[in-house]
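*Asks:* Can you read through this structure? Questions will come right after.
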Amino acid sequence: MKVSLNWLKDYVDIGNISIPEIIHKLTMSGLEVEDSIDEAELYKDFIVGYVKDKKKHPNADKLSICTVNTGTEDLQVICGAPNVEAGQKIVFAPIGTIIPNGKFKINKAKIRGVESFGMICSEAELELSNDHSGIMILKQEVNIGKSIVKELGLDDAILEIAITPNRSDALSHIGVARDLASIFDKGFHLPEISIQESTHKVKELASVEIIDKINCPRYSAKVVQNVTIKESPEWLKKRLTKIGLRPINNIVDVTNFVMYELGQPLHAFDLDKLEGQKIVVRSTEAESVFTTLDSKERKLPKGTLMICDGEKPVAIAGVMGGENSEINNSTKNILIESAHFNPSSIRRTSKALGLSTEASYRFERWVDPSATLLAAERAAQLIANLGDGEVAHGALDCYPEKIKEKEVLLRFDRVSKILGYQIPKEKIIQILKKLGLKIVFESEKEYRFLVPTYRPDLEREIDLIEEIARIYGYDNIPTISKISISLGEKIDESAFEDTIRDHSCSLGFYEMVNNPLQKEQFASLTGNKIQILNPQSLDMAFLRTSLIPGALGVIAQNLNVGEKDLRLFEIGNVFNQNFGKEEIKSFDDFTEVQKHIFILTGRINEKMWNTAEKPVDFYDLKGFVNSLIIKISLDNVLNDSYYHNEDSIFDFYFTKNYDKEEVGIGGKVKKEVLKQFDIQQDVYCFELDLTKLKKIKANPKKFVEPLKYPKSIRDFAFIFDNYVTYEEVIKFIKKSSSELLKSVKLFDLFESESLGKNKKSMAFSLEYFSEERTLTEEEIEKDFNNLIEAVTKNFSAILRGA
């Protein structure tokens, strides 16, 4: 943003401070000055010249030979401007002058055989405007031979400041002036507003109604009657031109002036064009078309915040006005809009329309809700003065729910601890008060401050400490030759994630990193999708609900380039809207968890002279998952569940569980899912919830003495009904057996029509031993036979091989 130093001096006394010091201090305080123009230095060699005589160039139709008086001598100058005439006072560049536009030096030259000893300049060459149609003709009151710096008031400095997104208050001269007042400890004041109001009451002339109170918390308006639309005075045009704006007329120029002065975007409506002399703020309920001031038809999405009159829309709130209510030369009565809009709403509209304006740029970042009425009154004052209008008595100010100022506690010992050096308490208070903060509570050790609404970025104590540091000056940080720190236990928040990553790589997997933004089709595969308010494209319109769609996309890309044998993993966050929540209004309405995924496809073994080719299967996936679980010492606290029926992603799958809570799921991906990614070969994947795994405490490792007595193994197989799970059987066996049985494992699962309809076979291995003695065959057989009888009876099972 461009600011004028002379304009800043209207609000803060910095006349005795050098331009380089101002630039340095602003930059070090966070308002980086990217470029600057010191007019006094830029135009120091230009003088006021007088064209005594003009005659035609003998060798060129479009050139003239002029005699220019510099106050001390007459010089011959060749000029190509069509508007040069004898008797004019002009801007003259003597030999040796550097021309701003082009940065070239004026030398003695011979043009078409005639010598020239200088240059008569246009506004474009001086970079005062873009007008290059002819030379710049000066008023007759200026003094010949004098520097244009003094004669034309070109003693300003223009600073180009890079404003960070959190400093919306600095998008105005008042905002920058406030920082300068605090940095240099100078007086600061707002522009004085004095309005002579008419007897006509504003509430009898217009009205305001806010329907969408969330996206328009405040709407202020003033009415000015009987205005005359005309050219702005020189002082106003000069101020706007210097910061890169083009003067249009007194009404538009005033709204631009106030926006750059106070940071509040304004809009002027022709009151007589508003049906019912009414303003209604509401959001569209369906897609519509609206013609803006630039005569372009804009397709408005549903939910666009609009400014309407009694019948129709008249402006896109915070972005651009409408052609149907614009100011023209016949306008007499004006309604000045000064509002505070929800930044998210304006950002969404601007993005959807592909339309960014100076107004939307400010509204998107935050405009001070407490200054809307001040800005409207300032504009009304200037319009009345410059347009010979009458300001109606009172104001329209609709503010349903006031935005409150935040209170922030500041502890002085905390300031010293964070910064590492002492700043006097009096200096701290002075800095914050100069920035506009008010003291609401004070004690020896701490103060409580009320933060003004123009600083939404100051939310916590640490924010105030940052303000103190930047205003006090980073140059004032003392040099410390030695520091001491206490060594304590280091807590590495990413240690668990790094461990998972290292173990995944050690198992032969390659890491992938995918975009958490996906198209709706993929976000809908699992979970409860969350839509982005302002997506860059439809392919990135939703947050991912699982790592699986992104991983399948990577598989598809690799298959397309001929890589068919893949073992990949990813660690990333996934997002799901909580069930029962129609929209997200706070962090409580959705969940964000960290997950890990293994994904495999192709061959697990290539064909070699000593090994056969083997494709990836379910057991390979389970083996890798178990290996990872073992490496993080959770194998003795997690248990497995197997499912032969399909779900939305898998043909069949298994889960890892902790205390009946699922912490991971995976299996063979369904062909219907693979088809969406154009994948023609089998894919297996498993997704672990790392957020849950982090909370599980692994059982401590301990030494177990080797068994002194022999084990005895027994096997049996039963035919069960299809609905019986192996977990039920194992649980029953452990419950029904004696303490001699130490372990039960499923080692075979078989399904076939030969077993009968809806039947399956499961075979179990039973391990018997004692840590105190050698077991006898009789006691083992007794327990084993009892189990056969119990299983047969409880599950109506048939013992195979009997």
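Letters for chains follow the order of the structure tokens (A, B, ...), residue numbers begin at 1 for each chain, and ligand numbers begin at 1 in the order shown.
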Do you know which residues are at most 12 Å from Glu444 of chain A counting only C-alpha atoms, after dropping those on the same chain fewer than 5 positions away, and could you put them as a list in words?
*Replies:*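 Result of the neighbour search: Leu410, Arg411, Phe412, Asp413, Lys425 and Glu426 of chain A.
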*Asks:* Write out as JSON, numbers by chain all residues of segment 192-404 of chain A that backbone DSSP assigns to strand (DSSP E or B).
*Replies:* {"A": [197, 198, 199, 200, 201, 207, 208, 209, 210, 218, 219, 220, 221, 222, 223, 224, 225, 266, 267, 268, 269, 270, 278, 279, 280, 281, 282, 283, 288, 289, 290, 291, 292, 297, 298, 299, 300, 305, 306, 307, 308, 313, 314, 315, 316, 320, 321, 322, 334, 335, 336, 337, 338, 339, 340, 390, 391, 392, 393, 396, 397, 398]}
*Asks:* Can you tell me, as a count of residues only, what residues are no more than 8 Å from Lys670 of chain A when counting only C-alpha atoms, ignoring any on the same chain fewer than 4 positions away?
*Replies:* 4
*Asks:* For segment 380-382 of chain A, list every protein, DNA or RNA residue within 8 Å, evaluated using only C-alpha atoms, and leave out those in the same chain fewer than 4 positions away; present the list as a list in words.
*Replies:*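 Listed by chain and then number, they are Ile193, Ser194, Ile195, Lys222, Val223, Val224, Val254, Ile336, Ala376, Leu386 and Val391 of chain A.
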*Asks:* How about saving the chosen residues, N, CA, C and O atoms kept, as a PDB file, in the first residue's frame?
*Replies:*
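Listed below is the output, again30.pdb:
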```
ATOM      1  N   ILE A 193     -14.031  16.326  12.961  1.00  0.00           N
ATOM      2  CA  ILE A 193     -15.281  16.278  12.193  1.00  0.00           C
ATOM      3  C   ILE A 193     -16.263  17.293  12.774  1.00  0.00           C
ATOM      4  O   ILE A 193     -16.610  17.228  13.961  1.00  0.00           O
ATOM      5  N   SER A 194     -16.677  18.210  11.930  1.00  0.00           N
ATOM      6  CA  SER A 194     -17.642  19.230  12.333  1.00  0.00           C
ATOM      7  C   SER A 194     -18.655  19.386  11.201  1.00  0.00           C
ATOM      8  O   SER A 194     -18.305  19.843  10.111  1.00  0.00           O
ATOM      9  N   ILE A 195     -19.886  18.961  11.457  1.00  0.00           N
ATOM     10  CA  ILE A 195     -20.914  18.952  10.416  1.00  0.00           C
ATOM     11  C   ILE A 195     -22.062  19.893  10.807  1.00  0.00           C
ATOM     12  O   ILE A 195     -22.577  19.830  11.931  1.00  0.00           O
ATOM     13  N   LYS A 222     -25.123   7.792   6.220  1.00  0.00           N
ATOM     14  CA  LYS A 222     -25.461   9.212   6.308  1.00  0.00           C
ATOM     15  C   LYS A 222     -26.056   9.634   4.971  1.00  0.00           C
ATOM     16  O   LYS A 222     -25.739   9.064   3.921  1.00  0.00           O
ATOM     17  N   VAL A 223     -26.910  10.638   5.013  1.00  0.00           N
ATOM     18  CA  VAL A 223     -27.555  11.149   3.797  1.00  0.00           C
ATOM     19  C   VAL A 223     -27.140  12.595   3.591  1.00  0.00           C
ATOM     20  O   VAL A 223     -27.179  13.414   4.520  1.00  0.00           O
ATOM     21  N   VAL A 224     -26.713  12.899   2.349  1.00  0.00           N
ATOM     22  CA  VAL A 224     -26.369  14.270   1.960  1.00  0.00           C
ATOM     23  C   VAL A 224     -27.283  14.663   0.798  1.00  0.00           C
ATOM     24  O   VAL A 224     -27.341  13.955  -0.214  1.00  0.00           O
ATOM     25  N   VAL A 254     -14.022  11.465  -2.628  1.00  0.00           N
ATOM     26  CA  VAL A 254     -14.154  11.525  -1.172  1.00  0.00           C
ATOM     27  C   VAL A 254     -14.215  10.122  -0.579  1.00  0.00           C
ATOM     28  O   VAL A 254     -13.578   9.832   0.441  1.00  0.00           O
ATOM     29  N   ILE A 336     -24.602   7.485   1.957  1.00  0.00           N
ATOM     30  CA  ILE A 336     -23.226   7.000   2.139  1.00  0.00           C
ATOM     31  C   ILE A 336     -23.266   5.728   2.983  1.00  0.00           C
ATOM     32  O   ILE A 336     -23.714   5.755   4.135  1.00  0.00           O
ATOM     33  N   ALA A 376     -18.497   7.383   7.990  1.00  0.00           N
ATOM     34  CA  ALA A 376     -19.657   7.940   7.287  1.00  0.00           C
ATOM     35  C   ALA A 376     -19.776   9.437   7.545  1.00  0.00           C
ATOM     36  O   ALA A 376     -20.071  10.224   6.632  1.00  0.00           O
ATOM     37  N   LEU A 386     -17.433  19.916  -0.373  1.00  0.00           N
ATOM     38  CA  LEU A 386     -16.932  19.921  -1.748  1.00  0.00           C
ATOM     39  C   LEU A 386     -18.048  19.866  -2.782  1.00  0.00           C
ATOM     40  O   LEU A 386     -17.810  20.136  -3.964  1.00  0.00           O
ATOM     41  N   VAL A 391     -26.174  18.042   4.880  1.00  0.00           N
ATOM     42  CA  VAL A 391     -26.146  16.769   5.585  1.00  0.00           C
ATOM     43  C   VAL A 391     -27.409  16.641   6.428  1.00  0.00           C
ATOM     44  O   VAL A 391     -27.706  17.515   7.265  1.00  0.00           O
TER      45      VAL A 391
END
```
*Asks:* Looking at A:Cys398, A:Ile174, A:Ile158, A:Ala698, which one is nearest to Tyr260 of chain A, with distances taken over only C-alpha atoms?
*Replies:* A:Ile174
*Asks:* Considering only C-alpha atoms, return as a ChimeraX atom specification whatever protein or nucleic-acid residues lie within 7 Å of segment 83-86 of chain A, sequence-local ones (same chain, fewer than 3 positions apart) excluded.
*Replies:* /A:51-54,134-135
*Asks:* Please dump the current selection as a PDB file, in the first residue's frame; keep N, CA, C and O atoms.
*Replies:*
```
ATOM      1  N   VAL A  51       8.321  29.616 -21.948  1.00  0.00           N
ATOM      2  CA  VAL A  51       8.497  29.504 -23.407  1.00  0.00           C
ATOM      3  C   VAL A  51       8.341  30.903 -24.025  1.00  0.00           C
ATOM      4  O   VAL A  51       7.219  31.434 -24.124  1.00  0.00           O
ATOM      5  N   LYS A  52       9.467  31.490 -24.385  1.00  0.00           N
ATOM      6  CA  LYS A  52       9.435  32.847 -24.952  1.00  0.00           C
ATOM      7  C   LYS A  52       9.018  32.836 -26.417  1.00  0.00           C
ATOM      8  O   LYS A  52       8.349  33.767 -26.898  1.00  0.00           O
ATOM      9  N   ASP A  53       9.413  31.760 -27.111  1.00  0.00           N
ATOM     10  CA  ASP A  53       9.176  31.758 -28.554  1.00  0.00           C
ATOM     11  C   ASP A  53       9.041  30.315 -29.036  1.00  0.00           C
ATOM     12  O   ASP A  53       9.622  29.394 -28.465  1.00  0.00           O
ATOM     13  N   LYS A  54       8.251  30.146 -30.082  1.00  0.00           N
ATOM     14  CA  LYS A  54       8.080  28.826 -30.692  1.00  0.00           C
ATOM     15  C   LYS A  54       8.068  28.997 -32.204  1.00  0.00           C
ATOM     16  O   LYS A  54       7.367  29.867 -32.738  1.00  0.00           O
ATOM     17  N   GLY A 134       0.685  15.583 -23.926  1.00  0.00           N
ATOM     18  CA  GLY A 134       1.367  16.849 -24.169  1.00  0.00           C
ATOM     19  C   GLY A 134       2.175  17.250 -22.964  1.00  0.00           C
ATOM     20  O   GLY A 134       2.229  16.532 -21.953  1.00  0.00           O
ATOM     21  N   ILE A 135       2.823  18.427 -23.055  1.00  0.00           N
ATOM     22  CA  ILE A 135       3.647  18.887 -21.940  1.00  0.00           C
ATOM     23  C   ILE A 135       2.771  19.345 -20.781  1.00  0.00           C
ATOM     24  O   ILE A 135       1.573  19.601 -20.943  1.00  0.00           O
TER      25      ILE A 135
END
```
*Asks:* For Asn256 of chain A, which residue among A:Thr357, A:Ser796, A:Thr349, A:Ser330 is the nearest when counting only C-alpha atoms?
*Replies:*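 Counting only C-alpha atoms, the residue closest to Asn256 of chain A is A:Thr357.
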*Asks:* Need the shell around Asn657 of chain A: protein/DNA/RNA residues with any atom at most 12 Å away, counting only C-alpha atoms. Skip same-chain ones fewer than 2 positions apart. Format as a list in words?
*Replies:*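 Counting only C-alpha atoms, the residues come to Ile629, Leu634, Asp635, Asn636, Val637, Leu638, Asn639, Asp640, Ser641, Tyr642, Phe654, Thr655, Asp659, Lys660, Glu661, Glu662, Val663, Gly664, Ile665, Leu688, Asp689, Lys692, Leu693 and Ile696 of chain A.
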*Asks:* Name the residues in contact with segment 463-479 of chain A at a cut-off of 12 Å, using only C-alpha atoms, excluding same-chain residues fewer than 5 positions from it; report them as a PDB file with N, CA and C atoms, in the first residue's frame.
*Replies:*
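The new file out-v5.pdb reads:
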```pdb
ATOM      1  N   HIS A  24      13.354   3.209   8.177  1.00  0.00           N
ATOM      2  CA  HIS A  24      14.022   2.160   8.958  1.00  0.00           C
ATOM      3  C   HIS A  24      13.154   1.710  10.132  1.00  0.00           C
ATOM      4  N   LYS A  25      12.615   2.672  10.864  1.00  0.00           N
ATOM      5  CA  LYS A  25      11.807   2.336  12.037  1.00  0.00           C
ATOM      6  C   LYS A  25      10.528   1.594  11.648  1.00  0.00           C
ATOM      7  N   LEU A  26       9.885   2.023  10.575  1.00  0.00           N
ATOM      8  CA  LEU A  26       8.676   1.332  10.123  1.00  0.00           C
ATOM      9  C   LEU A  26       8.986  -0.108   9.732  1.00  0.00           C
ATOM     10  N   THR A  27      10.056  -0.292   8.983  1.00  0.00           N
ATOM     11  CA  THR A  27      10.440  -1.636   8.529  1.00  0.00           C
ATOM     12  C   THR A  27      10.769  -2.538   9.712  1.00  0.00           C
ATOM     13  N   MET A  28      11.517  -2.016  10.677  1.00  0.00           N
ATOM     14  CA  MET A  28      11.892  -2.824  11.832  1.00  0.00           C
ATOM     15  C   MET A  28      10.702  -3.120  12.745  1.00  0.00           C
ATOM     16  N   SER A  29       9.647  -2.328  12.624  1.00  0.00           N
ATOM     17  CA  SER A  29       8.465  -2.566  13.459  1.00  0.00           C
ATOM     18  C   SER A  29       7.475  -3.512  12.802  1.00  0.00           C
ATOM     19  N   GLY A  30       7.777  -3.986  11.608  1.00  0.00           N
ATOM     20  CA  GLY A  30       6.904  -4.949  10.944  1.00  0.00           C
ATOM     21  C   GLY A  30       6.158  -4.409   9.750  1.00  0.00           C
ATOM     22  N   LEU A  31       6.163  -3.085   9.560  1.00  0.00           N
ATOM     23  CA  LEU A  31       5.558  -2.488   8.373  1.00  0.00           C
ATOM     24  C   LEU A  31       6.674  -2.233   7.363  1.00  0.00           C
ATOM     25  N   ASN A 166      -2.321  -9.987   9.007  1.00  0.00           N
ATOM     26  CA  ASN A 166      -2.840  -9.768  10.365  1.00  0.00           C
ATOM     27  C   ASN A 166      -2.939  -8.288  10.738  1.00  0.00           C
ATOM     28  N   ARG A 167      -2.367  -7.406   9.915  1.00  0.00           N
ATOM     29  CA  ARG A 167      -2.359  -5.983  10.237  1.00  0.00           C
ATOM     30  C   ARG A 167      -3.308  -5.208   9.339  1.00  0.00           C
ATOM     31  N   ARG A 178      -0.615   5.859  13.581  1.00  0.00           N
ATOM     32  CA  ARG A 178      -0.707   5.387  14.968  1.00  0.00           C
ATOM     33  C   ARG A 178       0.566   4.631  15.369  1.00  0.00           C
ATOM     34  N   ASP A 179       1.084   3.816  14.466  1.00  0.00           N
ATOM     35  CA  ASP A 179       2.333   3.105  14.744  1.00  0.00           C
ATOM     36  C   ASP A 179       3.500   4.083  14.882  1.00  0.00           C
ATOM     37  N   LEU A 180       3.548   5.087  13.998  1.00  0.00           N
ATOM     38  CA  LEU A 180       4.628   6.076  14.066  1.00  0.00           C
ATOM     39  C   LEU A 180       4.564   6.864  15.368  1.00  0.00           C
ATOM     40  N   ALA A 181       3.360   7.202  15.806  1.00  0.00           N
ATOM     41  CA  ALA A 181       3.203   7.930  17.065  1.00  0.00           C
ATOM     42  C   ALA A 181       3.737   7.112  18.230  1.00  0.00           C
ATOM     43  N   SER A 182       3.530   5.814  18.189  1.00  0.00           N
ATOM     44  CA  SER A 182       4.015   4.946  19.252  1.00  0.00           C
ATOM     45  C   SER A 182       5.524   4.748  19.169  1.00  0.00           C
ATOM     46  N   ILE A 183       6.044   4.588  17.952  1.00  0.00           N
ATOM     47  CA  ILE A 183       7.488   4.362  17.763  1.00  0.00           C
ATOM     48  C   ILE A 183       8.296   5.574  18.212  1.00  0.00           C
ATOM     49  N   PHE A 184       7.850   6.775  17.803  1.00  0.00           N
ATOM     50  CA  PHE A 184       8.619   8.004  18.087  1.00  0.00           C
ATOM     51  C   PHE A 184       8.074   8.780  19.292  1.00  0.00           C
ATOM     52  N   ASP A 185       7.054   8.197  19.959  1.00  0.00           N
ATOM     53  CA  ASP A 185       6.443   8.860  21.115  1.00  0.00           C
ATOM     54  C   ASP A 185       5.977  10.268  20.757  1.00  0.00           C
ATOM     55  N   GLU A 407     -10.437  -8.269  26.453  1.00  0.00           N
ATOM     56  CA  GLU A 407      -9.550  -7.951  27.580  1.00  0.00           C
ATOM     57  C   GLU A 407      -8.384  -8.935  27.580  1.00  0.00           C
ATOM     58  N   VAL A 408      -7.168  -8.393  27.728  1.00  0.00           N
ATOM     59  CA  VAL A 408      -5.967  -9.242  27.738  1.00  0.00           C
ATOM     60  C   VAL A 408      -5.107  -8.865  28.933  1.00  0.00           C
ATOM     61  N   LEU A 409      -4.695  -9.877  29.682  1.00  0.00           N
ATOM     62  CA  LEU A 409      -3.843  -9.673  30.861  1.00  0.00           C
ATOM     63  C   LEU A 409      -2.375  -9.635  30.438  1.00  0.00           C
ATOM     64  N   LEU A 410      -1.620  -8.694  31.009  1.00  0.00           N
ATOM     65  CA  LEU A 410      -0.184  -8.602  30.746  1.00  0.00           C
ATOM     66  C   LEU A 410       0.563  -8.617  32.074  1.00  0.00           C
ATOM     67  N   ARG A 411       1.465  -9.614  32.220  1.00  0.00           N
ATOM     68  CA  ARG A 411       2.309  -9.709  33.405  1.00  0.00           C
ATOM     69  C   ARG A 411       3.703  -9.197  33.052  1.00  0.00           C
ATOM     70  N   PHE A 412       4.214  -8.262  33.843  1.00  0.00           N
ATOM     71  CA  PHE A 412       5.483  -7.621  33.506  1.00  0.00           C
ATOM     72  C   PHE A 412       6.658  -8.586  33.605  1.00  0.00           C
ATOM     73  N   ASP A 413       6.604  -9.520  34.567  1.00  0.00           N
ATOM     74  CA  ASP A 413       7.694 -10.501  34.649  1.00  0.00           C
ATOM     75  C   ASP A 413       7.672 -11.444  33.454  1.00  0.00           C
ATOM     76  N   ARG A 414       6.462 -11.663  32.900  1.00  0.00           N
ATOM     77  CA  ARG A 414       6.340 -12.507  31.706  1.00  0.00           C
ATOM     78  C   ARG A 414       6.971 -11.824  30.497  1.00  0.00           C
ATOM     79  N   VAL A 415       6.834 -10.513  30.413  1.00  0.00           N
ATOM     80  CA  VAL A 415       7.455  -9.753  29.318  1.00  0.00           C
ATOM     81  C   VAL A 415       8.961  -9.948  29.341  1.00  0.00           C
ATOM     82  N   SER A 416       9.545  -9.815  30.535  1.00  0.00           N
ATOM     83  CA  SER A 416      11.003  -9.965  30.668  1.00  0.00           C
ATOM     84  C   SER A 416      11.445 -11.387  30.366  1.00  0.00           C
ATOM     85  N   LYS A 417      10.653 -12.364  30.802  1.00  0.00           N
ATOM     86  CA  LYS A 417      11.022 -13.762  30.595  1.00  0.00           C
ATOM     87  C   LYS A 417      10.989 -14.130  29.114  1.00  0.00           C
ATOM     88  N   ILE A 418       9.966 -13.659  28.406  1.00  0.00           N
ATOM     89  CA  ILE A 418       9.836 -13.992  26.987  1.00  0.00           C
ATOM     90  C   ILE A 418      10.889 -13.268  26.147  1.00  0.00           C
ATOM     91  N   LEU A 419      11.096 -11.973  26.419  1.00  0.00           N
ATOM     92  CA  LEU A 419      12.020 -11.181  25.597  1.00  0.00           C
ATOM     93  C   LEU A 419      13.477 -11.411  25.983  1.00  0.00           C
ATOM     94  N   GLY A 420      13.702 -11.759  27.249  1.00  0.00           N
ATOM     95  CA  GLY A 420      15.079 -11.995  27.676  1.00  0.00           C
ATOM     96  C   GLY A 420      15.804 -10.737  28.087  1.00  0.00           C
ATOM     97  N   TYR A 421      15.109  -9.616  28.155  1.00  0.00           N
ATOM     98  CA  TYR A 421      15.732  -8.369  28.613  1.00  0.00           C
ATOM     99  C   TYR A 421      14.641  -7.486  29.227  1.00  0.00           C
ATOM    100  N   GLN A 422      15.063  -6.504  30.000  1.00  0.00           N
ATOM    101  CA  GLN A 422      14.144  -5.659  30.739  1.00  0.00           C
ATOM    102  C   GLN A 422      13.741  -4.428  29.923  1.00  0.00           C
ATOM    103  N   ILE A 423      12.444  -4.140  29.914  1.00  0.00           N
ATOM    104  CA  ILE A 423      11.930  -2.881  29.371  1.00  0.00           C
ATOM    105  C   ILE A 423      11.221  -2.187  30.520  1.00  0.00           C
ATOM    106  N   PRO A 424      11.508  -0.926  30.758  1.00  0.00           N
ATOM    107  CA  PRO A 424      10.862  -0.234  31.882  1.00  0.00           C
ATOM    108  C   PRO A 424       9.342  -0.329  31.812  1.00  0.00           C
ATOM    109  N   LYS A 425       8.750  -0.512  32.984  1.00  0.00           N
ATOM    110  CA  LYS A 425       7.299  -0.652  33.073  1.00  0.00           C
ATOM    111  C   LYS A 425       6.586   0.542  32.469  1.00  0.00           C
ATOM    112  N   GLU A 426       7.104   1.739  32.724  1.00  0.00           N
ATOM    113  CA  GLU A 426       6.486   2.958  32.189  1.00  0.00           C
ATOM    114  C   GLU A 426       6.513   2.967  30.665  1.00  0.00           C
ATOM    115  N   LYS A 427       7.604   2.434  30.075  1.00  0.00           N
ATOM    116  CA  LYS A 427       7.721   2.385  28.620  1.00  0.00           C
ATOM    117  C   LYS A 427       6.718   1.401  28.032  1.00  0.00           C
ATOM    118  N   ILE A 428       6.519   0.272  28.695  1.00  0.00           N
ATOM    119  CA  ILE A 428       5.554  -0.736  28.234  1.00  0.00           C
ATOM    120  C   ILE A 428       4.157  -0.139  28.188  1.00  0.00           C
ATOM    121  N   ILE A 429       3.781   0.536  29.286  1.00  0.00           N
ATOM    122  CA  ILE A 429       2.440   1.138  29.352  1.00  0.00           C
ATOM    123  C   ILE A 429       2.279   2.210  28.292  1.00  0.00           C
ATOM    124  N   GLN A 430       3.320   3.020  28.104  1.00  0.00           N
ATOM    125  CA  GLN A 430       3.275   4.082  27.093  1.00  0.00           C
ATOM    126  C   GLN A 430       3.073   3.520  25.698  1.00  0.00           C
ATOM    127  N   ILE A 431       3.803   2.448  25.369  1.00  0.00           N
ATOM    128  CA  ILE A 431       3.700   1.833  24.039  1.00  0.00           C
ATOM    129  C   ILE A 431       2.280   1.351  23.780  1.00  0.00           C
ATOM    130  N   LEU A 432       1.721   0.602  24.735  1.00  0.00           N
ATOM    131  CA  LEU A 432       0.393   0.020  24.531  1.00  0.00           C
ATOM    132  C   LEU A 432      -0.690   1.089  24.498  1.00  0.00           C
ATOM    133  N   LYS A 433      -0.557   2.122  25.304  1.00  0.00           N
ATOM    134  CA  LYS A 433      -1.545   3.203  25.279  1.00  0.00           C
ATOM    135  C   LYS A 433      -1.472   3.976  23.962  1.00  0.00           C
ATOM    136  N   LYS A 434      -0.269   4.176  23.436  1.00  0.00           N
ATOM    137  CA  LYS A 434      -0.118   4.852  22.147  1.00  0.00           C
ATOM    138  C   LYS A 434      -0.742   4.042  21.018  1.00  0.00           C
ATOM    139  N   LEU A 435      -0.757   2.717  21.171  1.00  0.00           N
ATOM    140  CA  LEU A 435      -1.362   1.848  20.157  1.00  0.00           C
ATOM    141  C   LEU A 435      -2.884   1.777  20.301  1.00  0.00           C
ATOM    142  N   GLY A 436      -3.417   2.438  21.308  1.00  0.00           N
ATOM    143  CA  GLY A 436      -4.868   2.515  21.452  1.00  0.00           C
ATOM    144  C   GLY A 436      -5.462   1.598  22.500  1.00  0.00           C
ATOM    145  N   LEU A 437      -4.634   0.862  23.247  1.00  0.00           N
ATOM    146  CA  LEU A 437      -5.141  -0.030  24.286  1.00  0.00           C
ATOM    147  C   LEU A 437      -5.468   0.771  25.543  1.00  0.00           C
ATOM    148  N   TYR A 447      -1.107  -5.756  34.465  1.00  0.00           N
ATOM    149  CA  TYR A 447      -2.146  -4.849  33.991  1.00  0.00           C
ATOM    150  C   TYR A 447      -3.106  -5.643  33.122  1.00  0.00           C
ATOM    151  N   ARG A 448      -4.358  -5.204  33.103  1.00  0.00           N
ATOM    152  CA  ARG A 448      -5.319  -5.780  32.168  1.00  0.00           C
ATOM    153  C   ARG A 448      -5.723  -4.682  31.184  1.00  0.00           C
ATOM    154  N   PHE A 449      -5.575  -5.002  29.883  1.00  0.00           N
ATOM    155  CA  PHE A 449      -5.832  -4.011  28.834  1.00  0.00           C
ATOM    156  C   PHE A 449      -7.072  -4.362  28.031  1.00  0.00           C
ATOM    157  N   LEU A 450      -7.757  -3.324  27.581  1.00  0.00           N
ATOM    158  CA  LEU A 450      -8.889  -3.477  26.668  1.00  0.00           C
ATOM    159  C   LEU A 450      -8.370  -3.214  25.253  1.00  0.00           C
ATOM    160  N   VAL A 451      -8.460  -4.223  24.390  1.00  0.00           N
ATOM    161  CA  VAL A 451      -7.908  -4.134  23.036  1.00  0.00           C
ATOM    162  C   VAL A 451      -8.954  -3.535  22.100  1.00  0.00           C
ATOM    163  N   ARG A 455      -7.825  -3.921  16.209  1.00  0.00           N
ATOM    164  CA  ARG A 455      -6.694  -4.839  16.319  1.00  0.00           C
ATOM    165  C   ARG A 455      -7.178  -6.245  16.685  1.00  0.00           C
ATOM    166  N   PRO A 456      -7.825  -6.942  15.748  1.00  0.00           N
ATOM    167  CA  PRO A 456      -8.297  -8.312  16.036  1.00  0.00           C
ATOM    168  C   PRO A 456      -7.167  -9.308  16.225  1.00  0.00           C
ATOM    169  N   ASP A 457      -5.945  -8.922  15.842  1.00  0.00           N
ATOM    170  CA  ASP A 457      -4.810  -9.841  15.958  1.00  0.00           C
ATOM    171  C   ASP A 457      -4.265  -9.914  17.385  1.00  0.00           C
ATOM    172  N   LEU A 458      -4.671  -8.997  18.268  1.00  0.00           N
ATOM    173  CA  LEU A 458      -4.189  -9.011  19.648  1.00  0.00           C
ATOM    174  C   LEU A 458      -5.180  -9.776  20.515  1.00  0.00           C
TER     175      LEU A 458
END
```
*Asks:* Using only C-alpha atoms, pick whichever of A:Ile719, A:Ile78, A:Val440, A:Leu152 has the shortest atom-to-atom distance to Trp235 of chain A.
*Replies:*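 Checking each of A:Ile719, A:Ile78, A:Val440, A:Leu152 against Trp235 of chain A, counting only C-alpha atoms, the winner is A:Leu152.
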*Asks:* When you draw a straight line from atom CA of Ser122 of chain A to atom CA of Met136 of chain A, how long is it in Å?
*Replies:*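 These two atoms are separated by 4.7 Å.
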*Asks:* Could you state the separation of atom CA of Phe587 of chain A and atom CA of Phe575 of chain A in Å, given to one decimal place?
*Replies:* 11.2 Å
*Asks:* Find the distance between atom CA of Ile733 of chain A and atom CA of Tyr709 of chain A and write it in Å to one decimal.
*Replies:*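 Taking atom CA of Ile733 of chain A and atom CA of Tyr709 of chain A, their separation equals 23.2 Å.
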